[in-house]
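Heads up, protein04.cif below (mmCIF, C-alpha atoms and all ligand atoms):
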```
data_upload
#
loop_
_atom_site.label_atom_id
_atom_site.label_comp_id
_atom_site.auth_asym_id
_atom_site.auth_seq_id
_atom_site.Cartn_x
_atom_site.Cartn_y
_atom_site.Cartn_z
CA MET A 1 -11.43 18.70 1.76
CA ARG A 2 -13.08 18.35 5.20
CA GLY A 3 -12.22 20.98 7.85
CA PHE A 4 -9.73 20.15 10.59
CA ASP A 5 -8.07 21.83 13.53
CA TYR A 6 -4.52 23.06 13.04
CA PHE A 7 -1.95 23.30 15.83
CA LYS A 8 1.50 24.84 15.60
CA PRO A 9 3.45 23.79 18.72
CA ARG A 10 6.82 25.45 19.41
CA SER A 11 8.44 22.57 21.28
CA LEU A 12 8.61 18.81 20.94
CA GLU A 13 6.98 18.37 24.33
CA GLU A 14 4.04 20.55 23.30
CA ALA A 15 3.69 18.58 20.04
CA LEU A 16 3.75 15.23 21.86
CA ARG A 17 1.20 16.38 24.47
CA LEU A 18 -1.12 17.53 21.69
CA LYS A 19 -0.78 14.16 19.97
CA GLU A 20 -1.52 12.30 23.18
CA THR A 21 -4.75 14.23 23.70
CA THR A 22 -5.77 14.00 20.00
CA PRO A 23 -4.73 10.48 18.90
CA ASP A 24 -6.35 10.72 15.45
CA ALA A 25 -4.50 13.97 14.66
CA ARG A 26 -1.62 13.70 12.16
CA PHE A 27 1.76 15.31 12.38
CA ILE A 28 2.53 17.43 9.34
CA ALA A 29 6.07 18.39 8.26
CA GLY A 30 6.33 19.59 4.63
CA GLY A 31 2.85 18.31 3.77
CA THR A 32 3.93 17.07 0.31
CA ASP A 33 2.54 13.60 0.95
CA LEU A 34 -0.03 14.25 3.66
CA LEU A 35 -2.01 17.03 2.01
CA ILE A 36 -2.43 14.96 -1.17
CA LYS A 37 -3.80 12.05 0.90
CA ILE A 38 -6.22 14.37 2.71
CA LYS A 39 -7.34 15.92 -0.59
CA ASP A 40 -7.85 12.45 -2.09
CA LYS A 41 -9.87 11.50 1.04
CA GLU A 42 -7.45 8.67 1.86
CA LEU A 43 -7.00 10.25 5.30
CA ARG A 44 -9.46 12.29 7.36
CA PRO A 45 -7.62 13.47 10.47
CA SER A 46 -9.53 15.62 12.96
CA ALA A 47 -6.46 17.84 13.40
CA LEU A 48 -3.01 18.53 12.00
CA ILE A 49 -0.08 19.14 14.35
CA SER A 50 2.58 21.06 12.46
CA LEU A 51 6.18 20.22 13.32
CA ARG A 52 7.56 23.18 11.36
CA SER A 53 8.28 25.33 14.45
CA VAL A 54 9.88 22.50 16.46
CA LYS A 55 13.50 23.56 15.98
CA GLN A 56 14.74 20.56 17.98
CA LEU A 57 13.80 18.33 15.05
CA GLU A 58 15.93 20.22 12.50
CA GLY A 59 19.52 19.93 11.37
CA VAL A 60 22.48 17.58 11.21
CA GLU A 61 24.89 16.99 14.11
CA VAL A 62 28.06 14.94 14.11
CA ASN A 63 29.27 13.27 17.31
CA LYS A 64 29.89 9.55 17.76
CA PHE A 65 26.87 9.11 15.47
CA THR A 66 25.65 11.43 12.76
CA ARG A 67 22.18 12.61 13.77
CA ILE A 68 19.76 13.94 11.16
CA GLY A 69 16.71 15.66 12.64
CA ALA A 70 13.46 14.32 11.17
CA LEU A 71 12.38 17.79 10.02
CA THR A 72 15.55 18.41 8.02
CA THR A 73 14.50 19.18 4.47
CA ILE A 74 15.70 17.16 1.51
CA SER A 75 17.38 20.33 0.15
CA ASP A 76 19.28 20.81 3.42
CA ILE A 77 20.50 17.21 3.19
CA ILE A 78 21.78 17.82 -0.34
CA GLN A 79 23.65 20.93 0.80
CA ASN A 80 25.13 19.50 3.99
CA PRO A 81 28.94 19.16 3.66
CA VAL A 82 29.23 16.33 6.23
CA LEU A 83 26.59 14.24 4.49
CA CYS A 84 28.14 14.97 1.07
CA GLU A 85 31.50 13.75 2.38
CA SER A 86 30.50 10.76 4.50
CA TYR A 87 27.13 9.59 3.13
CA PRO A 88 27.22 10.58 -0.57
CA VAL A 89 24.59 8.06 -1.61
CA LEU A 90 22.04 9.65 0.72
CA VAL A 91 22.77 12.94 -1.02
CA GLU A 92 22.49 11.33 -4.49
CA ALA A 93 19.15 9.73 -3.61
CA SER A 94 17.89 13.01 -2.12
CA LYS A 95 18.66 14.77 -5.40
CA ARG A 96 16.21 12.37 -7.09
CA VAL A 97 13.26 13.31 -4.81
CA GLY A 98 10.65 15.32 -6.76
CA SER A 99 11.45 18.85 -7.90
CA ILE A 100 13.42 21.61 -6.21
CA GLN A 101 10.15 23.09 -4.92
CA VAL A 102 9.23 19.73 -3.35
CA ARG A 103 12.74 19.20 -1.91
CA ASN A 104 12.70 22.66 -0.29
CA VAL A 105 9.78 21.76 1.96
CA ALA A 106 9.78 17.94 2.07
CA SER A 107 11.45 16.47 5.15
CA ILE A 108 13.47 13.30 5.50
CA GLY A 109 11.24 12.26 8.42
CA GLY A 110 8.15 12.68 6.23
CA ASN A 111 9.77 10.60 3.49
CA LEU A 112 10.25 7.74 5.97
CA CYS A 113 6.99 8.09 7.94
CA ASN A 114 4.92 8.15 4.75
CA CYS A 115 6.14 4.56 4.35
CA SER A 116 6.04 4.42 0.58
CA PRO A 117 7.91 1.43 -0.91
CA ALA A 118 9.32 4.05 -3.33
CA ALA A 119 10.75 6.40 -0.66
CA ASP A 120 14.07 7.47 -2.16
CA THR A 121 15.92 8.33 1.07
CA ALA A 122 15.04 4.98 2.65
CA LEU A 123 17.40 2.96 0.45
CA PRO A 124 20.69 4.69 1.30
CA LEU A 125 19.65 4.79 4.95
CA LEU A 126 19.04 1.04 4.83
CA ILE A 127 22.45 0.27 3.33
CA TYR A 128 24.12 2.59 5.86
CA ASN A 129 22.35 0.61 8.61
CA ALA A 130 20.58 3.69 9.94
CA LYS A 131 18.57 3.67 13.14
CA VAL A 132 15.52 5.78 13.89
CA ARG A 133 14.61 7.37 17.22
CA LEU A 134 10.92 7.51 18.11
CA GLN A 135 9.62 9.61 20.97
CA SER A 136 6.43 9.98 22.97
CA ILE A 137 5.72 11.80 26.24
CA GLN A 138 6.61 8.53 28.03
CA GLY A 139 10.13 8.37 26.58
CA SER A 140 12.11 7.44 23.50
CA ARG A 141 13.18 4.22 21.77
CA GLU A 142 15.52 3.39 18.92
CA MET A 143 15.25 0.73 16.24
CA PRO A 144 17.01 -0.20 13.01
CA LEU A 145 15.30 1.43 10.03
CA SER A 146 15.01 -2.05 8.51
CA GLU A 147 12.45 -2.88 11.26
CA PHE A 148 10.55 0.42 11.02
CA PHE A 149 8.52 -0.22 7.85
CA LYS A 150 5.53 -2.57 8.10
CA GLY A 151 3.78 -2.09 4.75
CA PRO A 152 2.61 0.64 2.39
CA GLY A 153 1.68 3.58 4.66
CA GLU A 154 2.37 1.54 7.80
CA SER A 155 5.23 1.72 10.26
CA CYS A 156 6.10 0.81 13.83
CA LEU A 157 5.19 4.34 15.00
CA LYS A 158 2.58 4.25 17.76
CA SER A 159 -0.14 6.88 17.51
CA GLU A 160 1.41 8.94 20.34
CA GLU A 161 4.94 8.82 18.90
CA THR A 162 6.90 11.01 16.54
CA LEU A 163 10.07 10.24 14.61
CA THR A 164 12.67 12.62 15.99
CA ASP A 165 16.04 11.56 14.57
CA ILE A 166 17.83 9.35 12.10
CA LEU A 167 21.14 8.01 13.38
CA LEU A 168 24.06 6.93 11.19
CA GLY A 169 27.19 5.14 12.34
CA PRO A 170 30.72 6.06 11.21
CA THR A 171 31.77 5.30 7.65
CA THR A 172 34.85 3.36 6.55
CA VAL A 173 37.31 4.36 3.83
CA ASN A 174 37.11 1.26 1.65
CA ARG A 175 33.36 1.63 1.25
CA LYS A 176 31.86 2.45 -2.17
CA ALA A 177 28.17 2.95 -2.84
CA ILE A 178 25.72 3.92 -5.56
CA PHE A 179 22.01 4.78 -5.98
CA LEU A 180 20.15 4.02 -9.22
CA LYS A 181 16.53 4.89 -9.96
CA ILE A 182 14.27 4.38 -12.94
CA GLY A 183 11.14 6.49 -13.32
CA ARG A 184 8.78 7.26 -16.19
CA VAL A 185 10.04 10.84 -16.33
CA LYS A 186 12.75 12.70 -14.40
CA MET A 187 10.40 13.89 -11.64
CA ASP A 188 8.51 10.76 -10.67
CA LEU A 189 8.33 8.12 -8.00
CA ALA A 190 10.54 5.16 -8.81
CA ILE A 191 9.42 2.34 -11.07
CA ALA A 192 12.32 0.65 -9.32
CA SER A 193 15.41 1.81 -7.45
CA VAL A 194 18.51 0.26 -5.93
CA ALA A 195 21.15 1.34 -3.44
CA LEU A 196 24.26 -0.81 -3.26
CA MET A 197 27.26 -0.57 -0.99
CA LEU A 198 30.42 -2.69 -1.22
CA GLU A 199 33.42 -2.89 1.08
CA MET A 200 36.20 -4.42 -1.00
CA GLU A 201 39.56 -5.89 -0.09
CA GLY A 202 41.26 -6.02 -3.45
CA GLU A 203 38.98 -8.09 -5.71
CA ARG A 204 37.18 -9.66 -2.75
CA CYS A 205 33.91 -8.32 -1.40
CA GLN A 206 34.11 -8.08 2.39
CA LYS A 207 30.70 -6.59 2.94
CA ALA A 208 27.72 -6.00 0.65
CA ARG A 209 24.53 -4.08 1.36
CA VAL A 210 21.71 -3.98 -1.17
CA ALA A 211 18.36 -2.22 -0.80
CA VAL A 212 15.58 -1.88 -3.35
CA GLY A 213 12.60 0.45 -3.74
CA SER A 214 9.19 -0.10 -5.40
CA ALA A 215 9.93 -3.81 -5.39
CA ALA A 216 8.03 -5.02 -2.30
CA PRO A 217 5.47 -3.64 0.18
CA VAL A 218 8.35 -1.85 1.98
CA PRO A 219 11.79 -0.50 1.03
CA LEU A 220 13.73 -3.75 1.30
CA ARG A 221 17.23 -5.05 2.06
CA LEU A 222 18.11 -8.00 -0.20
CA SER A 223 19.96 -10.21 2.27
CA LYS A 224 20.12 -13.14 -0.21
CA VAL A 225 22.05 -10.98 -2.70
CA GLU A 226 24.30 -9.67 0.10
CA GLU A 227 25.12 -13.25 1.19
CA LEU A 228 25.86 -14.23 -2.39
CA LEU A 229 28.45 -11.46 -2.75
CA GLU A 230 30.13 -11.42 0.66
CA GLY A 231 33.46 -13.22 0.88
CA GLU A 232 33.59 -13.71 -2.91
CA THR A 233 35.62 -12.34 -5.77
CA VAL A 234 33.01 -10.42 -7.72
CA SER A 235 33.16 -11.62 -11.32
CA LYS A 236 30.80 -10.82 -14.19
CA GLU A 237 29.26 -14.28 -13.66
CA LEU A 238 28.58 -13.50 -10.00
CA ALA A 239 27.05 -10.15 -10.98
CA GLY A 240 24.75 -12.07 -13.34
CA GLU A 241 23.83 -14.43 -10.51
CA ALA A 242 23.10 -11.43 -8.26
CA GLN A 243 20.76 -10.07 -10.96
CA LYS A 244 18.90 -13.41 -11.06
CA VAL A 245 18.57 -13.70 -7.28
CA ALA A 246 17.42 -10.07 -6.94
CA SER A 247 14.66 -10.64 -9.51
CA GLU A 248 13.55 -13.80 -7.70
CA VAL A 249 13.37 -12.47 -4.14
CA VAL A 250 11.45 -9.23 -4.69
CA ALA A 251 7.66 -8.98 -4.50
CA PRO A 252 6.58 -6.00 -6.60
CA ILE A 253 3.07 -4.96 -7.64
CA SER A 254 1.61 -3.80 -10.96
CA ASP A 255 0.41 -0.18 -10.94
CA ILE A 256 0.15 2.79 -13.28
CA ARG A 257 3.95 3.06 -13.40
CA ALA A 258 4.87 -0.52 -14.37
CA SER A 259 3.81 -4.14 -14.29
CA GLU A 260 4.93 -6.62 -11.67
CA GLY A 261 6.94 -8.54 -14.28
CA TYR A 262 8.76 -5.49 -15.61
CA ARG A 263 9.64 -4.36 -12.08
CA ARG A 264 10.97 -7.80 -11.18
CA HIS A 265 13.16 -7.79 -14.30
CA ILE A 266 14.39 -4.22 -13.92
CA VAL A 267 15.31 -4.60 -10.23
CA GLY A 268 17.71 -7.38 -11.24
CA VAL A 269 19.12 -5.28 -14.06
CA LEU A 270 19.65 -2.35 -11.68
CA VAL A 271 21.48 -4.60 -9.20
CA ARG A 272 23.81 -5.82 -11.95
CA HIS A 273 24.35 -2.29 -13.29
CA ALA A 274 25.14 -1.07 -9.79
CA LEU A 275 27.71 -3.85 -9.34
CA GLU A 276 29.25 -3.19 -12.76
CA ASN A 277 29.48 0.48 -11.95
CA MET A 278 31.02 -0.10 -8.52
CA LEU A 279 33.64 -2.40 -10.00
CA GLY A 280 34.46 0.00 -12.82
CA TRP A 281 33.20 -2.28 -15.61
CA SER A 282 30.68 0.19 -16.99
CA ARG A 283 28.96 3.50 -16.54
CA ALA A 284 25.49 3.24 -14.92
C1 LIG B 301 5.29 16.33 -7.00
C2 LIG B 301 5.84 15.37 -6.00
C3 LIG B 301 6.93 14.58 -6.34
C4 LIG B 301 7.46 13.67 -5.43
N1 LIG B 301 8.53 12.92 -5.80
C5 LIG B 301 9.08 12.05 -4.92
C6 LIG B 301 10.22 11.27 -5.29
O1 LIG B 301 10.73 11.35 -6.40
N2 LIG B 301 10.72 10.42 -4.35
C7 LIG B 301 10.19 10.29 -3.10
O2 LIG B 301 10.72 9.52 -2.30
N3 LIG B 301 9.13 11.03 -2.73
C8 LIG B 301 8.55 11.89 -3.59
N4 LIG B 301 7.45 12.63 -3.23
C9 LIG B 301 6.84 12.40 -1.93
C10 LIG B 301 7.22 13.41 -0.82
O3 LIG B 301 7.66 14.64 -1.32
C11 LIG B 301 8.30 12.84 0.14
O4 LIG B 301 7.90 11.60 0.65
C12 LIG B 301 8.59 13.82 1.28
O5 LIG B 301 9.86 13.58 1.80
C13 LIG B 301 7.56 13.80 2.41
O6 LIG B 301 7.98 14.71 3.41
P1 LIG B 301 7.00 15.79 4.03
O7 LIG B 301 7.79 16.55 5.04
O8 LIG B 301 6.33 16.61 2.99
O9 LIG B 301 5.95 14.84 4.74
P2 LIG B 301 4.43 15.12 5.14
O10 LIG B 301 3.57 15.10 3.93
O11 LIG B 301 4.34 16.30 6.04
O12 LIG B 301 4.16 13.80 6.02
C14 LIG B 301 4.14 12.52 5.44
C15 LIG B 301 3.67 11.51 6.49
O13 LIG B 301 4.61 11.38 7.52
C16 LIG B 301 4.06 11.77 8.80
N5 LIG B 301 5.13 12.49 9.46
C17 LIG B 301 5.89 13.49 8.93
N6 LIG B 301 6.88 13.81 9.79
C18 LIG B 301 6.74 13.00 10.87
C19 LIG B 301 7.47 12.83 12.09
N7 LIG B 301 8.57 13.54 12.36
N8 LIG B 301 7.03 11.91 12.99
C20 LIG B 301 5.93 11.16 12.72
N9 LIG B 301 5.20 11.26 11.58
C21 LIG B 301 5.62 12.17 10.67
C22 LIG B 301 2.82 12.57 8.47
O14 LIG B 301 1.84 12.48 9.49
C23 LIG B 301 2.37 11.90 7.18
O15 LIG B 301 1.67 10.73 7.47
C24 LIG B 301 6.89 13.55 -4.14
C25 LIG B 301 5.80 14.36 -3.78
C26 LIG B 301 5.28 15.25 -4.69
C27 LIG B 301 4.11 16.11 -4.29
#
```
The structure given in the file should be rewritten as structure tokens.
Ligand SMILES: Cc1cc2nc3c(=O)[nH]c(=O)nc-3n(C[C@H](O)[C@H](O)[C@H](O)COP(=O)(O)OP(=O)(O)OC[C@H]3O[C@@H](n4cnc5c(N)ncnc54)[C@H](O)[C@@H]3O)c2cc1C
Amino acid sequence: MRGFDYFKPRSLEEALRLKETTPDARFIAGGTDLLIKIKDKELRPSALISLRSVKQLEGVEVNKFTRIGALTTISDIIQNPVLCESYPVLVEASKRVGSIQVRNVASIGGNLCNCSPAADTALPLLIYNAKVRLQSIQGSREMPLSEFFKGPGESCLKSEETLTDILLGPTTVNRKAIFLKIGRVKMDLAIASVALMLEMEGERCQKARVAVGSAAPVPLRLSKVEELLEGETVSKELAGEAQKVASEVVAPISDIRASEGYRRHIVGVLVRHALENMLGWSRA
């Protein structure tokens, strides 16, 4: 590993000023993704700017929106009573991130900014229509998470910006959701994953949100599947159609975990299983 400078700012302003003066420096939160990339020589930053002492970036606050600080660890998300109550699928997906040792240091902001198509927390945040807040010394901006990812390892973050918060709108009572993930072993990145949310009025689907992981260059909303379900009575035939459409619209790759063809097939199966589970037809 090549040597690099290491800064430990105590405020967000200090962190942002350091980033502005050292554009090729990288922010580091838990380091569970970044240090591996540095070790593997995928990245060679001249400096690391640790966010660990920037308290402003930690914690969960509930006002009109629920705000999750980017530095909040995956373990803290799992243990947060508000998130367990209002955003249970985020908690379920967080439980599937790595091991307890990884979850204790890994941050939700790092999970998003690493921009892996397999990022487990991205899927529930996509179906909950989360926004992200990005900040530089010049000011802050917000955008839907669905517009944040640009490709593997690439996001809309400018070099002088940091992700500060994730913002979630209020939940509704008739909303049900589920997260399903298939990996080679229990602690592994997803071969494929799905988060599905339905708002039902009796048998009729009012609103559907579907997001998939490891199935395209970015964590992806499947708008074609959502359109197929919305306004319809969800029958077993329609669930089968949703499986078919999901398999058709994704764009997975082959890698050491699975082939492109297997991923395409299994994404569809996961979508159908998620629907069956939501509608009480089977156990996922
Ligand atoms: C053994 C192991 C198992 C894993 N299993 C899973 C898994 O099952 N599912 C999964 O999704 N992930 C998994 N991961 C990946 C990793 O743990 C997560 O992506 C984690 O959430 C990253 O968070 P971090 O705080 O460690 O990020 P870091 O490694 O500190 O940072 C990751 C990237 O984000 C940038 N960054 C971090 N915070 C900010 C910020 N606030 N603003 C701007 N840029 C920022 C960094 O510069 C870096 O490029 C695993 C990792 C390991 C080592």
Which residue, A:Val249, A:Ala274, A:Ala215, A:Leu18, has the smallest gap to Pro117 (chain A) when you use only C-alpha atoms? A:Ala215
So which residues are near ligand LIG 301 (chain B), meaning at most 7 Å away with only C-alpha atoms and all ligand atoms counted, given back as a PyMOL selection string? chain A and resi 26-35+70-71+74+96-99+102-103+105-114+118-121+161-164+187-190
Pull C-alpha atoms from the residues just selected and write them as a PDB file, in the frame of the given file.
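Written output follows (selection25.pdb):
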```pdb
ATOM      1  CA  ARG A  26      -1.620  13.700  12.160  1.00  0.00           C
ATOM      2  CA  PHE A  27       1.760  15.310  12.380  1.00  0.00           C
ATOM      3  CA  ILE A  28       2.530  17.430   9.340  1.00  0.00           C
ATOM      4  CA  ALA A  29       6.070  18.390   8.260  1.00  0.00           C
ATOM      5  CA  GLY A  30       6.330  19.590   4.630  1.00  0.00           C
ATOM      6  CA  GLY A  31       2.850  18.310   3.770  1.00  0.00           C
ATOM      7  CA  THR A  32       3.930  17.070   0.310  1.00  0.00           C
ATOM      8  CA  ASP A  33       2.540  13.600   0.950  1.00  0.00           C
ATOM      9  CA  LEU A  34      -0.030  14.250   3.660  1.00  0.00           C
ATOM     10  CA  LEU A  35      -2.010  17.030   2.010  1.00  0.00           C
ATOM     11  CA  ALA A  70      13.460  14.320  11.170  1.00  0.00           C
ATOM     12  CA  LEU A  71      12.380  17.790  10.020  1.00  0.00           C
ATOM     13  CA  ILE A  74      15.700  17.160   1.510  1.00  0.00           C
ATOM     14  CA  ARG A  96      16.210  12.370  -7.090  1.00  0.00           C
ATOM     15  CA  VAL A  97      13.260  13.310  -4.810  1.00  0.00           C
ATOM     16  CA  GLY A  98      10.650  15.320  -6.760  1.00  0.00           C
ATOM     17  CA  SER A  99      11.450  18.850  -7.900  1.00  0.00           C
ATOM     18  CA  VAL A 102       9.230  19.730  -3.350  1.00  0.00           C
ATOM     19  CA  ARG A 103      12.740  19.200  -1.910  1.00  0.00           C
ATOM     20  CA  VAL A 105       9.780  21.760   1.960  1.00  0.00           C
ATOM     21  CA  ALA A 106       9.780  17.940   2.070  1.00  0.00           C
ATOM     22  CA  SER A 107      11.450  16.470   5.150  1.00  0.00           C
ATOM     23  CA  ILE A 108      13.470  13.300   5.500  1.00  0.00           C
ATOM     24  CA  GLY A 109      11.240  12.260   8.420  1.00  0.00           C
ATOM     25  CA  GLY A 110       8.150  12.680   6.230  1.00  0.00           C
ATOM     26  CA  ASN A 111       9.770  10.600   3.490  1.00  0.00           C
ATOM     27  CA  LEU A 112      10.250   7.740   5.970  1.00  0.00           C
ATOM     28  CA  CYS A 113       6.990   8.090   7.940  1.00  0.00           C
ATOM     29  CA  ASN A 114       4.920   8.150   4.750  1.00  0.00           C
ATOM     30  CA  ALA A 118       9.320   4.050  -3.330  1.00  0.00           C
ATOM     31  CA  ALA A 119      10.750   6.400  -0.660  1.00  0.00           C
ATOM     32  CA  ASP A 120      14.070   7.470  -2.160  1.00  0.00           C
ATOM     33  CA  THR A 121      15.920   8.330   1.070  1.00  0.00           C
ATOM     34  CA  GLU A 161       4.940   8.820  18.900  1.00  0.00           C
ATOM     35  CA  THR A 162       6.900  11.010  16.540  1.00  0.00           C
ATOM     36  CA  LEU A 163      10.070  10.240  14.610  1.00  0.00           C
ATOM     37  CA  THR A 164      12.670  12.620  15.990  1.00  0.00           C
ATOM     38  CA  MET A 187      10.400  13.890 -11.640  1.00  0.00           C
ATOM     39  CA  ASP A 188       8.510  10.760 -10.670  1.00  0.00           C
ATOM     40  CA  LEU A 189       8.330   8.120  -8.000  1.00  0.00           C
ATOM     41  CA  ALA A 190      10.540   5.160  -8.810  1.00  0.00           C
TER      42      ALA A 190
END
```
List as a PyMOL selection string the protein and nucleic acid residues near region 50-64 of chain A, meaning an atom at most 9 Å away when all atoms listed in the file are counted, but skip any in the same chain fewer than 2 places from it. chain A and resi 6-12+15+26-30+48+66-73+76-77+80+82-83+163-165+169-170
Hey, can you pull every residue with an atom no more than 9 Å from (7.6, 2.7, -13.7), using only C-alpha atoms, and send it as a list in words? Ile182, Gly183, Arg184, Val185, Asp188, Leu189, Ala190, Ile191, Ala192, Ser214, Asp255, Ile256, Arg257, Ala258, Ser259, Tyr262 and Arg263 of chain A
Excluding Val210 (chain A) and its own-chain neighbours fewer than 2 positions away, which residues fall within 8 Å of it when counting all atoms listed in the file? Please give them as a ChimeraX atom specification. /A:127,194-197,208,212,221-223,225-226
Expected residue set, 9 Å radius at (33.2, -9.5, -17.1), all atoms listed in the file, as a PDB file with C-alpha atoms, in the coordinates of the input:
```pdb
ATOM      1  CA  SER A 235      33.160 -11.620 -11.320  1.00  0.00           C
ATOM      2  CA  LYS A 236      30.800 -10.820 -14.190  1.00  0.00           C
ATOM      3  CA  GLU A 237      29.260 -14.280 -13.660  1.00  0.00           C
ATOM      4  CA  ALA A 239      27.050 -10.150 -10.980  1.00  0.00           C
ATOM      5  CA  GLU A 276      29.250  -3.190 -12.760  1.00  0.00           C
ATOM      6  CA  TRP A 281      33.200  -2.280 -15.610  1.00  0.00           C
TER       7      TRP A 281
END
```
Polymer residues at most 9 Å from Met143 (chain A), only C-alpha atoms, same-chain spacing of 5 or more positions, as an MDAnalysis selection string: chainID A and resid 130:134 148
Spatial neighbours of Leu43 (chain A), max dist 12 Å, all atoms listed in the file, sep filter under 3 positions, as a PyMOL selection string: chain A and resi 1-2+4+24-26+33-40+46-48+153
Calculate, to one decimal in Å, the centre and edge lengths of the box along x, y and z of the file that holds all listed atoms of region 245-256 of chain A with 8 Å of margin on each side, and present them as JSON.
```
{"center_x": 9.4, "center_y": -5.5, "center_z": -8.7, "size_x": 34.4, "size_y": 32.6, "size_z": 25.1}
```
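Proximity to Phe65 (chain A) was assessed for A:Glu241, A:Pro217, A:Ser155, A:Asn129 counting all atoms listed in the file; the smallest distance is recorded for A:Asn129.
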Give me the residues near Leu16 (chain A) as a PyMOL selection string, where near means some atom within 7 Å (using only C-alpha atoms) and where sequence neighbours in that chain fewer than 6 positions away do not count. chain A and resi 136-137+160
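Between Ser86 (chain A) and the candidates A:Lys224, A:Arg209, A:Lys181, A:Lys176, the tightest atom-to-atom separation, counting only C-alpha atoms, involves A:Lys176.
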From the list A:Val245, A:Ile253, A:Leu229, A:Met200, which residue is nearest Gly268 (chain A) when using all atoms listed in the file?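 Result for the nearest residue to Gly268 (chain A): A:Val245.
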